[in-house]
$ cat query_26.cif   # mmCIF, C-alpha atoms
data_structure
loop_
_atom_site.label_atom_id
_atom_site.label_comp_id
_atom_site.auth_asym_id
_atom_site.auth_seq_id
_atom_site.Cartn_x
_atom_site.Cartn_y
_atom_site.Cartn_z
CA MET S 1 -6.73 12.26 11.99
CA LEU S 2 -7.51 10.37 8.81
CA LEU S 3 -5.12 7.64 7.78
CA THR S 4 -3.62 7.67 4.31
CA ASP S 5 -4.30 4.78 1.93
CA LYS S 6 -0.72 3.60 2.48
CA GLN S 7 -1.19 3.49 6.26
CA GLN S 8 -4.50 1.67 5.94
CA GLN S 9 -3.01 -0.97 3.64
CA ARG S 10 0.01 -1.94 5.72
CA PRO S 11 0.95 -5.61 5.16
CA ALA S 12 1.12 -7.81 8.24
CA VAL S 13 4.31 -9.56 9.37
CA LEU S 14 4.54 -12.10 12.18
CA SER S 15 7.41 -12.39 14.64
CA ILE S 16 7.72 -15.61 16.66
CA ALA S 17 10.46 -14.81 19.14
CA GLY S 18 11.40 -14.11 22.74
CA PHE S 19 10.45 -11.23 25.01
CA ASP S 20 13.32 -8.99 26.11
CA PRO S 21 12.27 -6.46 28.78
CA SER S 22 15.01 -4.04 27.73
CA GLY S 23 13.30 -3.71 24.35
CA GLY S 24 16.54 -4.14 22.49
CA ALA S 25 15.94 -7.61 21.08
CA GLY S 26 13.20 -10.16 20.46
CA VAL S 27 9.60 -9.34 19.71
CA LEU S 28 9.81 -5.76 21.03
CA ALA S 29 12.67 -4.93 18.67
CA ASP S 30 10.81 -6.65 15.85
CA MET S 31 7.66 -4.63 16.49
CA LYS S 32 9.58 -1.35 16.62
CA THR S 33 11.14 -2.22 13.27
CA ALA S 34 7.83 -3.29 11.78
CA GLU S 35 6.16 -0.04 12.80
CA GLN S 36 8.90 2.16 11.38
CA LEU S 37 8.86 0.27 8.09
CA GLN S 38 5.12 0.72 7.60
CA THR S 39 4.01 -2.84 8.32
CA ARG S 40 1.52 -4.22 10.81
CA GLY S 41 3.67 -6.11 13.27
CA MET S 42 2.21 -9.10 15.09
CA ALA S 43 4.01 -11.27 17.62
CA ILE S 44 3.90 -14.62 19.37
CA MET S 45 6.25 -15.13 22.30
CA THR S 46 8.48 -18.22 22.45
CA ALA S 47 10.16 -17.32 25.74
CA ASN S 48 10.09 -14.79 28.53
CA THR S 49 13.57 -13.60 29.39
CA ILE S 50 14.99 -11.49 32.18
CA GLN S 51 17.86 -9.48 30.73
CA THR S 52 19.28 -6.06 30.12
CA GLU S 53 21.29 -4.99 27.11
CA ASP S 54 24.48 -6.41 28.63
CA THR S 55 23.45 -9.09 31.18
CA PHE S 56 21.31 -12.22 30.83
CA PHE S 57 19.62 -13.53 33.98
CA HIS S 58 16.87 -16.03 33.23
CA ILE S 59 14.62 -17.59 30.58
CA ASP S 60 11.24 -19.33 30.81
CA TRP S 61 10.15 -21.13 27.64
CA VAL S 62 6.54 -20.90 26.55
CA ASP S 63 4.80 -24.24 26.04
CA VAL S 64 5.23 -24.99 22.34
CA LYS S 65 1.56 -26.03 22.14
CA VAL S 66 0.60 -22.52 23.19
CA VAL S 67 2.97 -21.04 20.61
CA CYS S 68 1.36 -23.17 17.90
CA MET S 69 -2.13 -22.18 19.05
CA GLY S 70 -1.07 -18.56 18.62
CA ILE S 71 0.27 -19.20 15.14
CA GLU S 72 -3.00 -20.86 14.14
CA ALA S 73 -5.14 -18.06 15.58
CA ILE S 74 -3.15 -15.21 14.03
CA MET S 75 -2.58 -16.77 10.61
CA GLN S 76 -6.22 -17.79 10.25
CA ARG S 77 -7.37 -14.25 11.03
CA TYR S 78 -4.80 -12.12 9.16
CA PRO S 79 -3.18 -12.37 5.69
CA ILE S 80 0.41 -12.97 6.77
CA GLN S 81 2.87 -13.81 4.00
CA VAL S 82 6.15 -13.31 5.87
CA VAL S 83 7.05 -14.91 9.21
CA LYS S 84 10.25 -14.29 11.18
CA ILE S 85 11.38 -16.78 13.84
CA GLY S 86 13.82 -15.86 16.61
CA ILE S 87 14.90 -17.86 19.67
CA VAL S 88 13.61 -21.42 19.95
CA LYS S 89 14.43 -24.04 22.56
CA ASP S 90 15.42 -27.06 20.50
CA LEU S 91 14.75 -29.05 17.34
CA ALA S 92 11.33 -30.27 18.47
CA PHE S 93 10.29 -26.69 19.27
CA LEU S 94 11.46 -25.46 15.86
CA ALA S 95 9.83 -28.39 14.07
CA ALA S 96 6.47 -27.73 15.74
CA ILE S 97 6.57 -24.04 14.82
CA LEU S 98 7.46 -24.75 11.20
CA HIS S 99 4.69 -27.33 10.94
CA ALA S 100 2.16 -24.89 12.40
CA ILE S 101 3.14 -22.15 9.93
CA ARG S 102 3.09 -24.44 6.91
CA ALA S 103 -0.27 -25.90 7.98
CA GLN S 104 -1.78 -22.41 7.75
CA ASP S 105 0.07 -21.20 4.65
CA PRO S 106 2.41 -23.51 2.73
CA ALA S 107 3.64 -20.54 0.69
CA ALA S 108 4.52 -18.24 3.63
CA PHE S 109 8.07 -16.89 3.46
CA ILE S 110 9.86 -18.02 6.64
CA ILE S 111 12.98 -16.32 8.00
CA TRP S 112 14.90 -17.89 10.88
CA ASP S 113 17.34 -15.69 12.73
CA PRO S 114 19.14 -18.46 14.65
CA VAL S 115 19.84 -16.90 18.04
CA LEU S 116 21.90 -19.74 19.50
CA LYS S 117 23.23 -17.92 22.56
CA SER S 118 23.21 -14.52 24.21
CA SER S 119 26.12 -12.11 23.91
CA SER S 120 26.89 -12.90 27.56
CA GLY S 121 27.27 -16.60 26.72
CA PHE S 122 23.91 -18.11 27.72
CA THR S 123 23.00 -20.94 25.31
CA PHE S 124 19.42 -20.95 24.00
CA PHE S 125 19.29 -23.65 21.35
CA ASP S 126 20.05 -27.34 21.83
CA MET S 127 21.32 -28.59 18.45
CA ALA S 128 21.73 -32.27 19.24
CA ASP S 129 20.95 -33.79 15.85
CA CYS S 130 22.51 -32.21 12.75
CA GLU S 131 20.68 -34.54 10.38
CA THR S 132 17.28 -33.59 11.78
CA LEU S 133 18.20 -29.91 11.75
CA GLY S 134 19.28 -30.22 8.12
CA ARG S 135 15.84 -31.52 7.20
CA LEU S 136 14.12 -28.72 9.12
CA LEU S 137 16.24 -26.06 7.44
CA GLN S 138 14.79 -27.09 4.09
CA LYS S 139 11.47 -25.67 5.31
CA ILE S 140 13.05 -22.25 5.93
CA ASP S 141 13.31 -19.76 3.08
CA LEU S 142 16.00 -17.50 4.56
CA LEU S 143 18.52 -18.19 7.29
CA THR S 144 20.33 -15.19 8.83
CA PRO S 145 23.25 -16.36 11.00
CA ASN S 146 26.26 -14.35 12.10
CA ALA S 147 29.71 -15.85 11.52
CA GLU S 148 29.80 -17.75 14.82
CA GLU S 149 26.29 -19.14 14.33
CA TYR S 150 27.18 -20.12 10.79
CA GLN S 151 30.12 -22.18 12.04
CA THR S 152 27.92 -23.89 14.63
CA LEU S 153 25.25 -24.70 12.05
CA ALA S 154 27.71 -25.69 9.31
CA PRO S 155 27.35 -29.48 9.76
CA ALA S 156 23.61 -29.13 9.09
CA LEU S 157 24.06 -26.81 6.10
CA THR S 158 25.67 -29.28 3.71
CA SER S 159 22.39 -29.87 1.86
CA PHE S 160 20.79 -26.49 2.50
CA THR S 161 19.52 -25.11 -0.82
CA ASN S 162 17.53 -22.06 0.19
CA ALA S 163 18.77 -18.52 0.84
CA LEU S 164 21.32 -17.70 3.54
CA LEU S 165 22.41 -14.23 4.61
CA LEU S 166 25.72 -14.30 6.46
CA LYS S 167 25.79 -11.23 8.69
CA GLY S 168 29.00 -9.26 8.78
CA GLY S 169 29.19 -7.98 12.34
CA HIS S 170 31.22 -10.91 13.68
CA ARG S 171 33.27 -11.74 10.60
CA GLU S 172 37.04 -11.59 11.09
CA LYS S 173 37.59 -10.90 7.41
CA GLU S 174 35.36 -8.57 5.41
CA LYS S 175 34.02 -7.22 8.69
CA GLY S 176 30.73 -5.42 8.29
CA MET S 177 29.94 -7.07 4.96
CA ASP S 178 26.74 -9.09 4.70
CA THR S 179 26.71 -11.84 2.09
CA LEU S 180 23.58 -13.31 0.52
CA LEU S 181 24.00 -16.84 -0.80
CA VAL S 182 21.14 -18.13 -2.91
CA ARG S 183 20.99 -20.79 -5.62
CA GLY S 184 24.72 -20.79 -6.21
CA THR S 185 25.05 -17.01 -6.45
CA ARG S 186 26.72 -14.63 -4.01
CA ILE S 187 25.74 -11.00 -3.45
CA ASP S 188 27.85 -8.89 -1.10
CA PHE S 189 26.47 -5.91 0.80
CA PRO S 190 29.42 -3.88 2.11
CA SER S 191 28.97 -1.52 5.02
CA ARG S 192 28.05 2.03 4.03
CA VAL S 193 29.42 3.57 7.21
CA ARG S 194 33.00 3.87 8.48
CA ALA S 195 32.31 3.23 12.16
CA ILE S 196 29.64 1.23 13.94
CA CYS S 197 28.37 1.42 17.52
CA PRO S 198 27.48 -2.20 18.46
CA LYS S 199 23.93 -2.83 19.58
CA HIS S 200 22.08 -5.45 21.58
CA GLY S 201 19.55 -7.05 19.24
CA SER S 202 20.98 -5.85 15.93
CA GLY S 203 20.41 -9.28 14.37
CA CYS S 204 16.76 -9.17 15.39
CA VAL S 205 16.39 -5.75 13.80
CA LEU S 206 18.04 -6.85 10.55
CA SER S 207 15.88 -9.94 10.10
CA ALA S 208 12.72 -8.04 11.08
CA ALA S 209 13.57 -5.33 8.55
CA ILE S 210 14.06 -7.94 5.83
CA ALA S 211 10.65 -9.37 6.71
CA ALA S 212 9.07 -5.93 6.46
CA TYR S 213 10.58 -5.13 3.07
CA LEU S 214 9.59 -8.55 1.73
CA ALA S 215 6.03 -7.94 2.94
CA HIS S 216 6.05 -4.74 0.88
CA GLY S 217 6.90 -6.78 -2.21
CA GLU S 218 10.65 -6.19 -2.45
CA LYS S 219 12.79 -8.89 -4.03
CA LEU S 220 15.04 -10.74 -1.59
CA ALA S 221 18.33 -9.06 -2.54
CA GLN S 222 16.82 -5.58 -2.39
CA ALA S 223 15.08 -6.39 0.91
CA CYS S 224 18.44 -7.45 2.39
CA ARG S 225 20.17 -4.34 1.03
CA ARG S 226 17.56 -1.97 2.43
CA ALA S 227 17.41 -3.84 5.74
CA LYS S 228 21.17 -3.47 6.11
CA ALA S 229 20.87 0.29 5.61
CA TYR S 230 18.10 0.46 8.21
CA THR S 231 20.14 -1.60 10.66
CA GLU S 232 23.28 0.49 10.23
CA GLN S 233 21.24 3.60 11.00
CA PHE S 234 19.90 1.82 14.09
CA LEU S 235 23.44 0.85 15.14
CA ASN S 236 24.63 4.44 15.00
CA SER S 237 21.52 5.98 16.52
CA HIS S 238 23.11 6.08 19.99
CA PRO S 239 26.54 5.22 21.44
CA SER S 240 25.12 2.78 24.02
CA LEU S 241 24.09 -0.85 23.45
CA LEU S 242 20.46 0.23 23.05
CA GLY S 243 19.51 2.06 19.89
CA PHE S 244 16.62 4.07 18.47
CA HIS S 245 14.42 3.16 15.53
CA TYR S 246 13.60 5.52 12.71
CA ASP S 247 13.02 5.01 9.01
CA THR S 248 15.91 5.64 6.63
CA LYS S 249 13.53 7.76 4.52
#

$ encode --input "query_26.cif" --output "structure tokens"
Amino acid sequence: MLLTDKQQQRPAVLSIAGFDPSGGAGVLADMKTAEQLQTRGMAIMTANTIQTEDTFFHIDWVDVKVVCMGIEAIMQRYPIQVVKIGIVKDLAFLAAILHAIRAQDPAAFIIWDPVLKSSSGFTFFDMADCETLGRLLQKIDLLTPNAEEYQTLAPALTSFTNALLLKGGHREKEKGMDTLLVRGTRIDFPSRVRAICPKHGSGCVLSAAIAAYLAHGEKLAQACRRAKAYTEQFLNSHPSLLGFHYDTK
């Protein structure tokens, strides 16, 4: 079967995140999203986890030197303009990843989906130094926390000047509404569906979808809007905590 020009010209996106054997979150969820949204998904693993959609058992962190070697190898070989980061161990881990990305492409658009703990309560990220984290955040183009993560990160966000998408799934007020804050402006994306079936890994899917739409040349606000629509379809694809991926088109 011959590929169409559009299929042959898929832009590459890079996910630097954890491995979830259930396929609901982490690099597997990111790759499913990338494929459905007509991008060439590439991945570097930050951690190997043992978990299901509702229970977390164990995590082994990948040596950050190995992660950075992967970033160098992939970004030197392929034209990657958008990078999405998921779970990272601590500030030093995040700093090394950011440095490795910027060393290969200072203009790459970096998204960090700050997965600070699992839904079952396991803490991933050690945020010991708010001042250092604040400096690192300046190297990130888009931050995508949920309401709880936003509150945890708030002390480090006082000088954050880049884009932030506050996800609506955990908001007590305006539940289901995502809010994009960028350069002093606010854009709200209300939910387009009346009911939502919660999903393991929905934040991973949303940030990966944003990365895919940005790689296709969408402006940030439109990429967030379309990613929300994709994610809501994913949320309601099945009543369980694991969903199915298919393009909104």

$ resolve_selection --input "query_26.cif" --expression "the PyMOL selection byres ((chain S and resi 162) around 7)" --output "list of chain:residue names"
S:Gln138, S:Asp141, S:Leu142, S:Phe160, S:Thr161, S:Ala163, S:Leu164, S:Val182, S:Arg183

$ resolve_selection --input "query_26.cif" --expression "the PyMOL selection byres ((chain S and resi 60) around 7)" --output "PyMOL selection string"
chain S and resi 47-49+58-59+61-62

$ closest_residue --input "query_26.cif" --among "S:Val82, S:Ala154, S:Ala107, S:Ile140" --to "Met127 (chain S)" --atoms "only C-alpha atoms"
S:Ala154

$ atom_distance --input "query_26.cif" --atom1 "CA of Met45 (chain S)" --atom2 "CA of Leu241 (chain S)"
22.9 Å

$ resolve_selection --input "query_26.cif" --expression "the PyMOL selection byres ((chain S and resi 19-25) around 12)" --output "PyMOL selection string"
chain S and resi 15-18+26-33+43-62+86-88+113+115+118-119+198-208+234-235+240-245

$ atom_distance --input "query_26.cif" --atom1 "CA of Leu14 (chain S)" --atom2 "CA of Val64 (chain S)"
16.4 Å

$ atom_distance --input "query_26.cif" --atom1 "CA of Gln151 (chain S)" --atom2 "CA of Ile85 (chain S)"
19.6 Å

$ axis_aligned_box --input "query_26.cif" --around "region 32-44 of chain S" --padding-each-side "8 Å" --output "lines of an AutoDock Vina configuration file"
center_x = 6.3
center_y = -6.2
center_z = 13.5
size_x = 25.6
size_y = 32.8
size_z = 27.8

$ residues_near_point --input "query_26.cif" --point "(8.2, -25.2, 15.6)" --cutoff "12 Å" --atoms "all atoms listed in the file" --output "PDB file with C-alpha atoms, keeping the file's coordinate frame"
ATOM      1  CA  ILE S  16       7.720 -15.610  16.660  1.00  0.00           C
ATOM      2  CA  ALA S  17      10.460 -14.810  19.140  1.00  0.00           C
ATOM      3  CA  THR S  46       8.480 -18.220  22.450  1.00  0.00           C
ATOM      4  CA  VAL S  62       6.540 -20.900  26.550  1.00  0.00           C
ATOM      5  CA  ASP S  63       4.800 -24.240  26.040  1.00  0.00           C
ATOM      6  CA  VAL S  64       5.230 -24.990  22.340  1.00  0.00           C
ATOM      7  CA  LYS S  65       1.560 -26.030  22.140  1.00  0.00           C
ATOM      8  CA  VAL S  66       0.600 -22.520  23.190  1.00  0.00           C
ATOM      9  CA  VAL S  67       2.970 -21.040  20.610  1.00  0.00           C
ATOM     10  CA  CYS S  68       1.360 -23.170  17.900  1.00  0.00           C
ATOM     11  CA  MET S  69      -2.130 -22.180  19.050  1.00  0.00           C
ATOM     12  CA  GLY S  70      -1.070 -18.560  18.620  1.00  0.00           C
ATOM     13  CA  ILE S  71       0.270 -19.200  15.140  1.00  0.00           C
ATOM     14  CA  LYS S  84      10.250 -14.290  11.180  1.00  0.00           C
ATOM     15  CA  ILE S  85      11.380 -16.780  13.840  1.00  0.00           C
ATOM     16  CA  GLY S  86      13.820 -15.860  16.610  1.00  0.00           C
ATOM     17  CA  ILE S  87      14.900 -17.860  19.670  1.00  0.00           C
ATOM     18  CA  VAL S  88      13.610 -21.420  19.950  1.00  0.00           C
ATOM     19  CA  LYS S  89      14.430 -24.040  22.560  1.00  0.00           C
ATOM     20  CA  ASP S  90      15.420 -27.060  20.500  1.00  0.00           C
ATOM     21  CA  LEU S  91      14.750 -29.050  17.340  1.00  0.00           C
ATOM     22  CA  ALA S  92      11.330 -30.270  18.470  1.00  0.00           C
ATOM     23  CA  PHE S  93      10.290 -26.690  19.270  1.00  0.00           C
ATOM     24  CA  LEU S  94      11.460 -25.460  15.860  1.00  0.00           C
ATOM     25  CA  ALA S  95       9.830 -28.390  14.070  1.00  0.00           C
ATOM     26  CA  ALA S  96       6.470 -27.730  15.740  1.00  0.00           C
ATOM     27  CA  ILE S  97       6.570 -24.040  14.820  1.00  0.00           C
ATOM     28  CA  LEU S  98       7.460 -24.750  11.200  1.00  0.00           C
ATOM     29  CA  HIS S  99       4.690 -27.330  10.940  1.00  0.00           C
ATOM     30  CA  ALA S 100       2.160 -24.890  12.400  1.00  0.00           C
ATOM     31  CA  ILE S 101       3.140 -22.150   9.930  1.00  0.00           C
ATOM     32  CA  ARG S 102       3.090 -24.440   6.910  1.00  0.00           C
ATOM     33  CA  ALA S 103      -0.270 -25.900   7.980  1.00  0.00           C
ATOM     34  CA  ILE S 110       9.860 -18.020   6.640  1.00  0.00           C
ATOM     35  CA  TRP S 112      14.900 -17.890  10.880  1.00  0.00           C
ATOM     36  CA  LEU S 133      18.200 -29.910  11.750  1.00  0.00           C
ATOM     37  CA  LEU S 136      14.120 -28.720   9.120  1.00  0.00           C
ATOM     38  CA  LEU S 137      16.240 -26.060   7.440  1.00  0.00           C
ATOM     39  CA  LYS S 139      11.470 -25.670   5.310  1.00  0.00           C
ATOM     40  CA  ILE S 140      13.050 -22.250   5.930  1.00  0.00           C
TER      41      ILE S 140
END

$ closest_residue --input "query_26.cif" --among "S:Ile196, S:His238, S:Phe189, S:Pro114" --to "Ala221 (chain S)" --atoms "only C-alpha atoms"
S:Phe189
